$ cat query31.tsv   # TSV, C-alpha atoms and all ligand atoms
chain	number	residue	atom	x	y	z
A	1	MET	CA	127.58	50.29	113.80
A	2	SER	CA	123.83	49.97	114.33
A	3	ASP	CA	122.91	53.65	114.22
A	4	SER	CA	120.72	54.65	111.30
A	5	LEU	CA	121.71	57.53	109.06
A	6	LEU	CA	119.28	59.88	110.78
A	7	ASP	CA	120.55	58.88	114.22
A	8	ARG	CA	123.94	60.07	113.11
A	9	ALA	CA	122.76	63.51	112.02
A	10	ASN	CA	124.11	66.66	113.65
A	11	LYS	CA	122.57	66.48	117.13
A	12	GLY	CA	121.20	69.99	116.86
A	13	ILE	CA	118.96	68.95	113.95
A	14	MET	CA	116.98	66.42	116.02
A	15	GLY	CA	114.94	68.96	117.93
A	16	LEU	CA	114.67	71.52	115.13
A	17	LYS	CA	111.25	72.68	114.02
A	18	PRO	CA	111.52	74.73	110.85
A	19	TYR	CA	110.49	78.38	110.90
A	20	GLU	CA	106.88	78.80	109.89
A	21	PRO	CA	106.47	81.70	107.49
A	22	GLY	CA	103.31	83.78	107.11
A	23	ARG	CA	100.69	82.06	104.96
A	24	PRO	CA	101.09	82.88	101.28
A	25	ILE	CA	98.25	84.79	99.60
A	26	GLU	CA	97.59	82.54	96.58
A	27	GLN	CA	97.42	79.29	98.50
A	28	THR	CA	95.09	80.85	101.06
A	29	GLN	CA	92.83	82.16	98.29
A	30	LYS	CA	92.56	78.65	96.85
A	31	GLU	CA	92.00	76.92	100.16
A	32	LEU	CA	89.32	79.27	101.40
A	33	GLY	CA	87.76	80.07	98.03
A	34	LEU	CA	88.10	83.77	98.81
A	35	LYS	CA	88.81	86.30	96.08
A	36	ASN	CA	90.28	89.02	98.18
A	37	ILE	CA	92.92	88.22	100.69
A	38	ILE	CA	94.89	90.76	102.67
A	39	LYS	CA	98.22	89.62	103.99
A	40	LEU	CA	99.23	91.41	107.15
A	41	ALA	CA	101.43	88.57	108.30
A	42	SER	CA	105.05	89.13	107.39
A	43	ASN	CA	105.88	92.77	108.05
A	44	GLU	CA	106.42	93.48	104.37
A	45	ASN	CA	106.32	97.00	102.98
A	46	PRO	CA	102.73	97.44	101.73
A	47	LEU	CA	103.82	100.19	99.32
A	48	GLY	CA	105.97	97.69	97.49
A	49	ILE	CA	109.47	97.91	96.16
A	50	SER	CA	111.17	101.26	95.58
A	51	PRO	CA	110.36	102.31	91.99
A	52	LYS	CA	114.04	103.06	91.41
A	53	ALA	CA	114.99	99.57	92.51
A	54	LEU	CA	112.34	98.10	90.22
A	55	ALA	CA	113.70	100.06	87.28
A	56	VAL	CA	117.24	98.80	87.76
A	57	ILE	CA	116.01	95.21	88.00
A	58	ALA	CA	114.23	95.57	84.65
A	59	SER	CA	117.44	96.89	83.11
A	60	LYS	CA	119.61	93.91	84.11
A	61	SER	CA	120.52	91.63	81.21
A	62	ASP	CA	123.71	89.99	82.45
A	63	LEU	CA	121.85	87.28	84.34
A	64	ASN	CA	123.83	84.53	82.62
A	65	ARG	CA	126.83	85.73	84.65
A	66	TYR	CA	127.50	84.91	88.28
A	67	PRO	CA	126.90	87.79	90.69
A	68	ASP	CA	129.84	89.78	92.02
A	69	GLY	CA	130.68	87.47	94.92
A	70	ASN	CA	132.30	90.34	96.79
A	71	ALA	CA	129.30	92.65	96.31
A	72	THR	CA	131.82	95.39	95.55
A	73	LYS	CA	129.50	98.17	94.41
A	74	PHE	CA	126.91	97.43	97.04
A	75	LYS	CA	129.49	97.52	99.82
A	76	GLU	CA	130.99	100.73	98.44
A	77	LYS	CA	127.54	102.31	98.52
A	78	VAL	CA	126.89	101.29	102.12
A	79	ALA	CA	130.42	102.20	103.21
A	80	SER	CA	130.20	105.70	101.74
A	81	LEU	CA	126.73	106.29	103.22
A	82	TYR	CA	127.85	105.43	106.73
A	83	ASN	CA	131.51	106.34	106.61
A	84	ILE	CA	132.77	102.84	107.33
A	85	LYS	CA	135.21	100.51	105.54
A	86	THR	CA	133.89	98.03	102.98
A	87	SER	CA	135.83	95.34	104.85
A	88	MET	CA	133.51	95.80	107.83
A	89	ILE	CA	130.49	94.73	105.78
A	90	THR	CA	129.19	91.19	105.28
A	91	VAL	CA	126.39	90.73	102.76
A	92	GLY	CA	123.64	88.19	103.33
A	93	ASN	CA	120.86	86.45	101.44
A	94	GLY	CA	118.47	88.34	103.66
A	95	SER	CA	119.66	89.35	107.10
A	96	ASN	CA	118.70	85.82	108.11
A	97	ASP	CA	122.00	84.76	106.56
A	98	LEU	CA	123.94	86.95	108.97
A	99	ILE	CA	122.21	85.41	111.98
A	100	GLU	CA	123.42	82.02	110.74
A	101	PHE	CA	126.93	83.19	109.82
A	102	VAL	CA	127.57	84.39	113.36
A	103	ALA	CA	126.32	81.06	114.72
A	104	LYS	CA	128.51	79.12	112.28
A	105	CYS	CA	131.54	81.24	113.12
A	106	PHE	CA	131.37	80.99	116.88
A	107	LEU	CA	129.28	78.01	117.96
A	108	SER	CA	129.97	74.32	118.22
A	109	GLU	CA	128.76	71.55	120.52
A	110	GLY	CA	129.08	72.49	124.17
A	111	ASP	CA	128.71	76.21	123.49
A	112	ASN	CA	125.63	78.27	124.17
A	113	ALA	CA	124.09	81.49	122.94
A	114	ILE	CA	121.55	83.72	124.67
A	115	TYR	CA	118.37	85.15	123.20
A	116	SER	CA	115.21	86.64	124.65
A	117	GLN	CA	111.82	85.09	125.34
A	118	HIS	CA	109.45	86.46	122.65
A	119	GLY	CA	112.59	87.15	120.59
A	120	PHE	CA	112.88	86.45	116.86
A	121	ALA	CA	112.34	82.72	116.20
A	122	ILE	CA	115.36	82.34	113.94
A	123	TYR	CA	117.89	82.83	116.77
A	124	PRO	CA	117.24	79.56	118.63
A	125	LEU	CA	117.02	77.75	115.28
A	126	ALA	CA	120.42	79.04	114.17
A	127	ILE	CA	121.96	78.25	117.56
A	128	GLN	CA	120.57	74.73	117.58
A	129	ALA	CA	121.52	74.05	113.97
A	130	ALA	CA	125.10	74.88	114.91
A	131	GLY	CA	124.93	72.12	117.54
A	132	ALA	CA	124.96	74.58	120.45
A	133	THR	CA	122.47	75.24	123.24
A	134	PRO	CA	120.02	78.16	123.06
A	135	ILE	CA	119.55	79.88	126.41
A	136	LYS	CA	116.34	81.82	126.70
A	137	ALA	CA	116.26	84.89	128.92
A	138	ASP	CA	112.78	85.66	130.23
A	139	ALA	CA	111.45	88.90	128.81
A	140	LYS	CA	110.76	92.00	130.86
A	141	ASN	CA	107.71	94.02	129.81
A	142	TRP	CA	107.73	92.01	126.56
A	143	GLY	CA	111.25	93.26	125.75
A	144	HIS	CA	114.84	92.21	126.32
A	145	ASP	CA	115.93	92.03	129.96
A	146	LEU	CA	119.57	93.01	129.51
A	147	GLU	CA	120.38	92.55	133.19
A	148	LEU	CA	119.10	88.99	133.13
A	149	MET	CA	120.86	88.26	129.83
A	150	LYS	CA	124.10	89.37	131.41
A	151	ASN	CA	123.52	87.15	134.43
A	152	LEU	CA	122.90	84.11	132.23
A	153	ILE	CA	126.37	84.33	130.70
A	154	ASP	CA	128.65	81.43	131.57
A	155	GLU	CA	132.04	80.32	130.31
A	156	ASN	CA	130.45	78.58	127.30
A	157	THR	CA	128.46	81.60	126.12
A	158	LYS	CA	129.64	82.80	122.71
A	159	ILE	CA	126.82	84.94	121.29
A	160	ILE	CA	123.98	87.13	122.53
A	161	TYR	CA	121.25	87.90	119.99
A	162	ILE	CA	119.24	91.09	120.46
A	163	ALA	CA	116.61	92.55	118.13
A	164	SER	CA	115.72	96.21	118.51
A	165	PRO	CA	112.96	96.76	117.55
A	166	ASN	CA	112.14	93.18	118.42
A	167	ASN	CA	109.84	91.05	116.31
A	168	PRO	CA	107.11	90.05	117.24
A	169	THR	CA	106.75	92.36	120.26
A	170	GLY	CA	107.85	95.64	118.66
A	171	THR	CA	109.79	96.63	121.79
A	172	VAL	CA	112.91	98.73	121.46
A	173	LEU	CA	116.01	99.31	123.59
A	174	GLU	CA	117.59	102.63	124.38
A	175	THR	CA	121.01	102.91	122.82
A	176	ASN	CA	122.46	104.08	126.15
A	177	ASP	CA	121.31	100.87	127.80
A	178	LEU	CA	122.85	98.86	124.98
A	179	ILE	CA	126.12	100.72	125.36
A	180	ASN	CA	126.20	100.00	129.11
A	181	PHE	CA	125.46	96.38	128.32
A	182	LEU	CA	128.31	96.27	125.81
A	183	LYS	CA	130.64	97.71	128.43
A	184	GLU	CA	129.69	95.05	130.96
A	185	VAL	CA	129.62	91.95	128.78
A	186	PRO	CA	132.98	90.21	128.29
A	187	ALA	CA	134.56	91.31	125.03
A	188	ASN	CA	134.97	87.70	123.91
A	189	ILE	CA	131.21	87.26	123.47
A	190	ALA	CA	129.68	88.34	120.17
A	191	ILE	CA	126.74	90.73	120.55
A	192	PHE	CA	124.47	90.58	117.52
A	193	ILE	CA	122.09	93.52	117.24
A	194	ASP	CA	119.39	92.86	114.69
A	195	GLN	CA	118.06	96.08	113.19
A	196	ALA	CA	115.64	94.72	110.62
A	197	TYR	CA	113.26	97.58	111.48
A	198	PHE	CA	115.88	100.32	111.82
A	199	GLU	CA	114.26	102.65	109.27
A	200	TYR	CA	111.04	102.83	111.27
A	201	ILE	CA	112.75	104.17	114.39
A	202	GLU	CA	112.18	107.90	114.60
A	203	GLU	CA	113.80	108.83	117.89
A	204	ASP	CA	117.57	109.13	118.01
A	205	LYS	CA	117.82	107.54	121.44
A	206	TYR	CA	116.73	104.21	119.94
A	207	ARG	CA	118.91	104.34	116.83
A	208	VAL	CA	122.11	102.35	116.98
A	209	SER	CA	124.89	103.77	114.85
A	210	PHE	CA	127.50	101.68	113.04
A	211	ASP	CA	130.11	103.86	114.76
A	212	LEU	CA	129.61	101.75	117.87
A	213	VAL	CA	131.37	98.91	116.10
A	214	LYS	CA	134.58	100.90	116.20
A	215	GLN	CA	134.30	101.10	119.99
A	216	PHE	CA	133.17	97.49	120.52
A	217	PRO	CA	134.94	94.92	118.30
A	218	ASN	CA	132.57	92.18	119.53
A	219	LEU	CA	129.51	94.03	118.20
A	220	ILE	CA	127.76	92.96	114.99
A	221	ILE	CA	124.88	95.05	113.68
A	222	SER	CA	122.59	93.71	110.95
A	223	ARG	CA	120.15	95.50	108.66
A	224	SER	CA	117.61	94.15	106.21
A	225	PHE	CA	116.15	95.19	102.86
A	226	SER	CA	113.02	93.12	103.45
A	227	LYS	CA	111.05	95.55	105.57
A	228	ALA	CA	111.10	99.34	104.93
A	229	HIS	CA	113.02	98.92	101.66
A	230	GLY	CA	110.41	96.52	100.29
A	231	LEU	CA	112.79	93.92	98.79
A	232	ALA	CA	111.68	90.86	100.79
A	233	ALA	CA	111.49	88.61	97.73
A	234	LEU	CA	115.01	89.46	96.62
A	235	ARG	CA	116.66	88.45	99.91
A	236	LEU	CA	119.22	91.03	100.88
A	237	GLY	CA	120.73	92.11	104.18
A	238	TYR	CA	124.12	93.02	105.55
A	239	SER	CA	126.01	93.33	108.77
A	240	VAL	CA	128.62	95.76	110.00
A	241	SER	CA	131.26	94.59	112.42
A	242	SER	CA	134.99	94.81	113.01
A	243	GLU	CA	137.03	93.91	109.94
A	244	GLU	CA	138.27	90.77	111.70
A	245	VAL	CA	134.78	89.50	112.54
A	246	SER	CA	133.60	90.37	109.05
A	247	ASP	CA	136.49	88.35	107.62
A	248	PHE	CA	135.33	85.33	109.65
A	249	MET	CA	131.70	85.77	108.65
A	250	ASN	CA	132.68	85.97	105.00
A	251	ARG	CA	134.49	82.63	105.30
A	252	VAL	CA	131.30	80.70	106.05
A	253	ARG	CA	129.00	82.18	103.42
A	254	GLN	CA	128.33	80.75	99.99
A	255	PRO	CA	130.47	82.54	97.40
A	256	PHE	CA	127.42	83.99	95.61
A	257	ASN	CA	124.90	84.27	98.44
A	258	ALA	CA	123.51	87.63	97.32
A	259	ASN	CA	122.29	87.70	93.74
A	260	THR	CA	122.78	90.28	90.99
A	261	LEU	CA	119.22	91.64	91.09
A	262	ALA	CA	119.22	91.99	94.85
A	263	LEU	CA	122.56	93.80	94.93
A	264	ALA	CA	121.60	96.23	92.17
A	265	ALA	CA	118.17	96.85	93.69
A	266	GLY	CA	119.72	97.32	97.13
A	267	ILE	CA	121.95	100.14	95.89
A	268	GLU	CA	118.91	101.97	94.49
A	269	ALA	CA	116.65	101.23	97.45
A	270	ILE	CA	119.09	102.48	100.07
A	271	ASN	CA	119.34	105.72	98.09
A	272	ASP	CA	115.62	106.16	97.56
A	273	GLU	CA	114.89	108.59	100.39
A	274	ASP	CA	111.44	109.42	99.02
A	275	HIS	CA	110.30	105.84	99.17
A	276	ILE	CA	111.66	105.31	102.66
A	277	ILE	CA	110.10	108.50	103.98
A	278	LYS	CA	106.76	107.63	102.41
A	279	SER	CA	106.91	104.09	103.78
A	280	VAL	CA	107.71	105.28	107.29
A	281	LYS	CA	104.96	107.89	107.11
A	282	ILE	CA	102.16	105.57	106.08
A	283	ASN	CA	103.36	103.12	108.70
A	284	LYS	CA	103.17	105.73	111.42
A	285	GLN	CA	99.67	106.79	110.38
A	286	GLY	CA	98.47	103.20	110.11
A	287	LEU	CA	99.95	102.22	113.44
A	288	GLU	CA	98.18	105.14	115.08
A	289	ARG	CA	94.81	104.13	113.62
A	290	VAL	CA	95.21	100.53	114.72
A	291	LYS	CA	96.21	101.53	118.24
A	292	ILE	CA	93.18	103.80	118.58
A	293	ALA	CA	90.95	100.90	117.51
A	294	PHE	CA	92.59	98.55	120.02
A	295	GLU	CA	91.94	101.08	122.75
A	296	LYS	CA	88.37	101.59	121.67
A	297	HIS	CA	87.66	97.85	121.73
A	298	ASP	CA	89.67	97.23	124.91
A	299	PHE	CA	92.35	95.05	123.38
A	300	ASP	CA	95.68	95.19	125.19
A	301	PHE	CA	98.53	95.83	122.77
A	302	ILE	CA	102.29	96.16	123.01
A	303	GLU	CA	103.68	99.56	122.05
A	304	SER	CA	105.51	98.97	118.77
A	305	TYR	CA	108.44	100.67	117.07
A	306	GLY	CA	108.26	98.52	113.94
A	307	ASN	CA	105.82	98.15	111.04
A	308	PHE	CA	103.56	95.77	112.96
A	309	ILE	CA	101.80	95.56	116.30
A	310	SER	CA	100.87	92.67	118.56
A	311	PHE	CA	97.69	92.56	120.60
A	312	ASP	CA	95.98	90.25	123.04
A	313	SER	CA	93.09	88.67	121.16
A	314	GLN	CA	91.57	87.48	124.46
A	315	LYS	CA	91.37	83.90	123.29
A	316	ASP	CA	93.56	81.11	121.93
A	317	SER	CA	95.40	82.80	119.10
A	318	ASP	CA	94.98	79.85	116.74
A	319	LEU	CA	91.22	80.44	117.03
A	320	SER	CA	91.40	84.21	116.68
A	321	PHE	CA	93.81	83.77	113.77
A	322	ASP	CA	91.20	81.57	112.09
A	323	PHE	CA	88.47	84.14	112.64
A	324	PHE	CA	90.45	86.75	110.72
A	325	LEU	CA	91.58	84.25	108.09
A	326	LYS	CA	88.00	83.27	107.25
A	327	LYS	CA	87.29	86.96	106.69
A	328	GLY	CA	90.23	87.13	104.29
A	329	ILE	CA	92.89	88.61	106.55
A	330	ILE	CA	96.10	86.72	107.18
A	331	LEU	CA	97.60	87.68	110.55
A	332	ARG	CA	100.22	85.94	112.62
A	333	SER	CA	99.41	83.74	115.60
A	334	LEU	CA	102.07	84.21	118.28
A	335	LYS	CA	101.61	80.88	120.01
A	336	VAL	CA	105.08	79.71	119.07
A	337	TYR	CA	106.43	82.86	120.71
A	338	GLU	CA	104.93	81.90	124.07
A	339	MET	CA	102.19	84.44	123.56
A	340	PRO	CA	99.21	82.07	123.44
A	341	THR	CA	96.51	84.69	122.99
A	342	HIS	CA	98.39	87.31	120.98
A	343	LEU	CA	98.14	88.07	117.29
A	344	ARG	CA	100.56	90.20	115.29
A	345	VAL	CA	99.28	92.47	112.57
A	346	SER	CA	101.54	94.09	109.99
A	347	ILE	CA	100.63	97.67	109.15
A	348	GLY	CA	99.17	97.69	105.64
A	349	LEU	CA	97.87	100.35	103.30
A	350	GLU	CA	95.05	102.63	104.41
A	351	GLU	CA	92.40	100.55	102.64
A	352	GLU	CA	93.79	97.33	104.10
A	353	ILE	CA	93.64	98.81	107.58
A	354	ASP	CA	90.01	99.86	106.91
A	355	ILE	CA	89.16	96.22	106.31
A	356	PHE	CA	91.20	94.99	109.26
A	357	LEU	CA	89.46	97.45	111.57
A	358	SER	CA	86.00	96.43	110.45
A	359	VAL	CA	86.83	92.74	110.96
A	360	LEU	CA	88.33	93.63	114.34
A	361	GLU	CA	85.00	95.12	115.31
A	362	GLU	CA	83.20	91.96	114.19
A	363	TYR	CA	85.71	89.92	116.14
A	364	LYS	CA	85.08	91.96	119.26
A	365	ARG	CA	81.34	91.38	118.88
A	366	SER	CA	81.94	87.63	118.49
A	367	LEU	CA	83.79	87.64	121.83
A	368	ASN	CA	80.85	89.24	123.58
A	369	ALA	CA	78.28	87.02	121.92
B	401	LIG	C1	112.14	90.03	109.22
B	401	LIG	C2	113.24	89.92	110.20
B	401	LIG	C3	114.53	89.49	109.84
B	401	LIG	C4	114.84	88.81	108.55
B	401	LIG	O1	114.84	89.58	107.50
B	401	LIG	P1	115.46	89.13	106.12
B	401	LIG	O2	116.42	90.23	105.84
B	401	LIG	O3	114.31	89.05	105.21
B	401	LIG	O4	116.16	87.81	106.27
B	401	LIG	C5	115.52	89.51	110.79
B	401	LIG	N1	115.27	89.88	112.04
B	401	LIG	C6	114.06	90.27	112.44
B	401	LIG	C7	113.87	90.69	113.84
B	401	LIG	C8	113.01	90.28	111.53
B	401	LIG	O5	111.79	90.61	111.95
$ encode --input "query31.tsv" --output "structure tokens" --more "lines below"
Ligand SMILES: *Cc1c(COP(=O)(O)O)cnc(C)c1O
Amino acid sequence: MSDSLLDRANKGIMGLKPYEPGRPIEQTQKELGLKNIIKLASNENPLGISPKALAVIASKSDLNRYPDGNATKFKEKVASLYNIKTSMITVGNGSNDLIEFVAKCFLSEGDNAIYSQHGFAIYPLAIQAAGATPIKADAKNWGHDLELMKNLIDENTKIIYIASPNNPTGTVLETNDLINFLKEVPANIAIFIDQAYFEYIEEDKYRVSFDLVKQFPNLIISRSFSKAHGLAALRLGYSVSSEEVSDFMNRVRQPFNANTLALAAGIEAINDEDHIIKSVKINKQGLERVKIAFEKHDFDFIESYGNFISFDSQKDSDLSFDFFLKKGIILRSLKVYEMPTHLRVSIGLEEEIDIFLSVLEEYKRSLNA
């Protein structure tokens, strides 16, 4: 046996490039010697955590005890809100966990899973880590091309990952189109619909209801607490699926994958209507302001249904990213998403948008100079 240890690693690991998160504020402050940094890079809720969730975290003293591995109270809360069974729910350490659980459940070497060009970067990573082959479906108008995704299915296809709204493009699918897709795709392929930005969707025709899971046992819908609910640091998400699929997903998770603080905060956050409404409202207003500025300065942008928007910076996005960074604004370069000149900006607070818009104007002038 002459292979080295690393040669013998899971084949999927060889080509894996880890997900690159948005640059953290503190490190950027240090590196650039800037006092004020605005992070508009990770689609976090700029209003912060729900005050009710924060209060319950402060009240928790049983942190010497393991969390409730079954997330009983949390699941009961979600189940009663949406009129589903607790056994249909799988809880994740962020909704990222769910993406991986599905991959672990259904994929091994020789299998493939389909995702969209400009789709969320975690899908191909999870597919590859499971030893399977990611199949990328070219996007249509920056969004998912369901027809093409359907045509790419072969006998080894086990999962199709779809985000609606999609990150980083912000595109959304009509629920009717998704339903037609679900009717046409073989029932032995898992369809994972990632709804990390669900709360920001205002029109019913784009909202996917958990009831669909009752009609389509191969459907898995995930939601996150990291975006509108403002709990990104706590890591909490969940999926709703058939009881049987949920049973499988629960077999591959760590016994205590969601922690006590996250579960308690999640129950409060999901109930905190005021905070959600406020968060959605400031997002809508901010998005509108940013779009008007893009139009004014002739930057093409992609219509977004999330809490972020992507625009064509008209030059290499590593360079445009740097321009904003040096002015103290952390954005996201979309090069790794095959969008070589696009930047993504998360919608911040009013005063953060003020600063972004004034730097955008400077940036525009620098292009013309
Ligand atoms: C942010 C995001 C997630 C991950 O959210 P967590 O719950 O923090 O793991 C999942 N999917 C999409 C499309 C996202 O943008």
$ residues_around --input "query31.tsv" --residues "region 258-260 of chain A" --least-positions-apart "2" --cutoff "10 Å" --atoms "only C-alpha atoms" --output "PyMOL selection string"
chain A and resi 57+60+62-63+65-71+91-94+97+234-238+253-256+262-266
$ residues_near_ligand --input "query31.tsv" --ligand "ligand LIG 401 (chain B)" --cutoff "6 Å" --atoms "all atoms listed in the file" --output "list in words"
Gly94, Ser95, Asn96, Phe120, Ala163, Asn166, Asn167, Asp194, Ala196, Ser224, Phe225, Ser226, Ala232, Arg235, Leu236 and Gly237 of chain A
$ write_last_selection --input "query31.tsv" --atoms "C-alpha atoms" --output "CSV table (one decimal), in the coordinates of the input"
chain,number,residue,atom,x,y,z
A,94,GLY,CA,118.5,88.3,103.7
A,95,SER,CA,119.7,89.4,107.1
A,96,ASN,CA,118.7,85.8,108.1
A,120,PHE,CA,112.9,86.4,116.9
A,163,ALA,CA,116.6,92.6,118.1
A,166,ASN,CA,112.1,93.2,118.4
A,167,ASN,CA,109.8,91.0,116.3
A,194,ASP,CA,119.4,92.9,114.7
A,196,ALA,CA,115.6,94.7,110.6
A,224,SER,CA,117.6,94.2,106.2
A,225,PHE,CA,116.2,95.2,102.9
A,226,SER,CA,113.0,93.1,103.4
A,232,ALA,CA,111.7,90.9,100.8
A,235,ARG,CA,116.7,88.4,99.9
A,236,LEU,CA,119.2,91.0,100.9
A,237,GLY,CA,120.7,92.1,104.2
$ closest_residue --input "query31.tsv" --among "A:Asp211, A:Asp298, A:Glu44, A:Glu273" --to "Lys85 (chain A)" --atoms "all atoms listed in the file"
A:Asp211
$ residues_around --input "query31.tsv" --residues "region 355-369 of chain A" --least-positions-apart "6" --cutoff "8 Å" --atoms "all atoms listed in the file" --output "short mmCIF file (atom, residue, chain, number, x, y, z; two decimals) with C-alpha atoms, in the coordinates of the input"
data_model
loop_
_atom_site.label_atom_id
_atom_site.label_comp_id
_atom_site.auth_asym_id
_atom_site.auth_seq_id
_atom_site.Cartn_x
_atom_site.Cartn_y
_atom_site.Cartn_z
CA VAL A 290 95.21 100.53 114.72
CA ALA A 293 90.95 100.90 117.51
CA HIS A 297 87.66 97.85 121.73
CA PHE A 323 88.47 84.14 112.64
CA PHE A 324 90.45 86.75 110.72
CA LYS A 327 87.29 86.96 106.69
CA ILE A 329 92.89 88.61 106.55
#
$ residues_around --input "query31.tsv" --residues "Gly119 (chain A)" --least-positions-apart "4" --cutoff "8 Å" --atoms "only C-alpha atoms" --output "ChimeraX atom specification"
/A:115,123,144,162-163,166-169,337
$ closest_residue --input "query31.tsv" --among "A:Ala121, A:Ile89, A:Ile189, A:Ile114" --to "Thr72 (chain A)" --atoms "only C-alpha atoms"
A:Ile89
$ closest_residue --input "query31.tsv" --among "A:Ile302, A:Leu325, A:Ala113, A:Ala190" --to "Ile127 (chain A)" --atoms "only C-alpha atoms"
A:Ala113
$ residues_around --input "query31.tsv" --residues "Leu212 (chain A)" --least-positions-apart "3" --cutoff "12 Å" --atoms "only C-alpha atoms" --output "PyMOL selection string"
chain A and resi 82+84+175-176+178-180+182-183+191+193+207-209+215-221+240-242
$ closest_atom_pairs --input "query31.tsv" --of "region 308-335 of chain A" --to "region 279-287 of chain A" --cutoff "12 Å" --atoms "all atoms listed in the file" --output "Markdown table"
| residue | atom | partner | partner_atom | distance |
| --- | --- | --- | --- | --- |
| A:Phe308 | CA | A:Leu287 | CA | 7.4 |
| A:Ile309 | CA | A:Leu287 | CA | 7.5 |
| A:Ser310 | CA | A:Leu287 | CA | 10.9 |
$ residues_around --input "query31.tsv" --residues "Ile201 (chain A)" --least-positions-apart "3" --cutoff "9 Å" --atoms "only C-alpha atoms" --output "PyMOL selection string"
chain A and resi 165+172+197-198+204+206-207+280+305-306
$ residues_near_point --input "query31.tsv" --point "(101.8, 85.4, 121.4)" --cutoff "12 Å" --atoms "all atoms listed in the file" --output "PyMOL selection string"
chain A and resi 117-119+142+167-169+301-302+309-318+320-321+331-345
$ closest_residue --input "query31.tsv" --among "A:Ala129, A:Lys77, A:Glu174, A:Leu148" --to "Ile99 (chain A)" --atoms "all atoms listed in the file"
A:Ala129
$ atom_distance --input "query31.tsv" --atom1 "CA of Asn271 (chain A)" --atom2 "CA of His229 (chain A)"
9.9 Å
$ atom_distance --input "query31.tsv" --atom1 "CA of Arg289 (chain A)" --atom2 "CA of Glu26 (chain A)"
27.6 Å
$ closest_residue --input "query31.tsv" --among "A:Asp3, A:Glu350, A:Asp247, A:Glu268" --to "Met88 (chain A)" --atoms "all atoms listed in the file"
A:Asp247
$ axis_aligned_box --input "query31.tsv" --around "region 77-80 of chain A" --padding-each-side "8 Å" --output "JSON"
{"center_x": 128.7, "center_y": 103.5, "center_z": 100.9, "size_x": 19.5, "size_y": 20.4, "size_z": 20.7}
$ decode --input "query31.tsv" --residues "region 241-245 of chain A" --atoms "all heavy atoms" --output "compact mmCIF listing (two decimals), in the first residue's frame"
# COMPACT_ATOMS: atom_id res chain seq x y z
N SER A 241 -40.70 18.02 6.20
CA SER A 241 -40.77 17.00 5.15
C SER A 241 -41.76 15.93 5.59
O SER A 241 -42.38 16.05 6.64
CB SER A 241 -39.38 16.38 4.96
OG SER A 241 -39.00 15.71 6.15
N SER A 242 -41.87 14.87 4.81
CA SER A 242 -42.68 13.74 5.26
C SER A 242 -42.06 13.19 6.55
O SER A 242 -40.86 13.39 6.81
CB SER A 242 -42.69 12.64 4.19
OG SER A 242 -41.45 11.95 4.21
N GLU A 243 -42.85 12.51 7.34
CA GLU A 243 -42.31 11.93 8.58
C GLU A 243 -41.18 10.95 8.28
O GLU A 243 -40.20 10.87 9.02
CB GLU A 243 -43.43 11.18 9.33
CG GLU A 243 -44.51 12.10 9.88
CD GLU A 243 -45.60 11.29 10.56
OE1 GLU A 243 -45.43 10.96 11.74
OE2 GLU A 243 -46.60 10.98 9.88
N GLU A 244 -41.32 10.21 7.19
CA GLU A 244 -40.32 9.19 6.86
C GLU A 244 -38.98 9.83 6.50
O GLU A 244 -37.92 9.39 6.95
CB GLU A 244 -40.81 8.32 5.68
CG GLU A 244 -41.98 7.40 6.00
CD GLU A 244 -43.34 8.11 6.04
OE1 GLU A 244 -43.42 9.30 5.63
OE2 GLU A 244 -44.32 7.49 6.49
N VAL A 245 -39.04 10.89 5.67
CA VAL A 245 -37.79 11.58 5.31
C VAL A 245 -37.19 12.23 6.55
O VAL A 245 -35.97 12.18 6.78
CB VAL A 245 -38.04 12.61 4.19
CG1 VAL A 245 -36.84 13.53 4.02
CG2 VAL A 245 -38.36 11.91 2.87
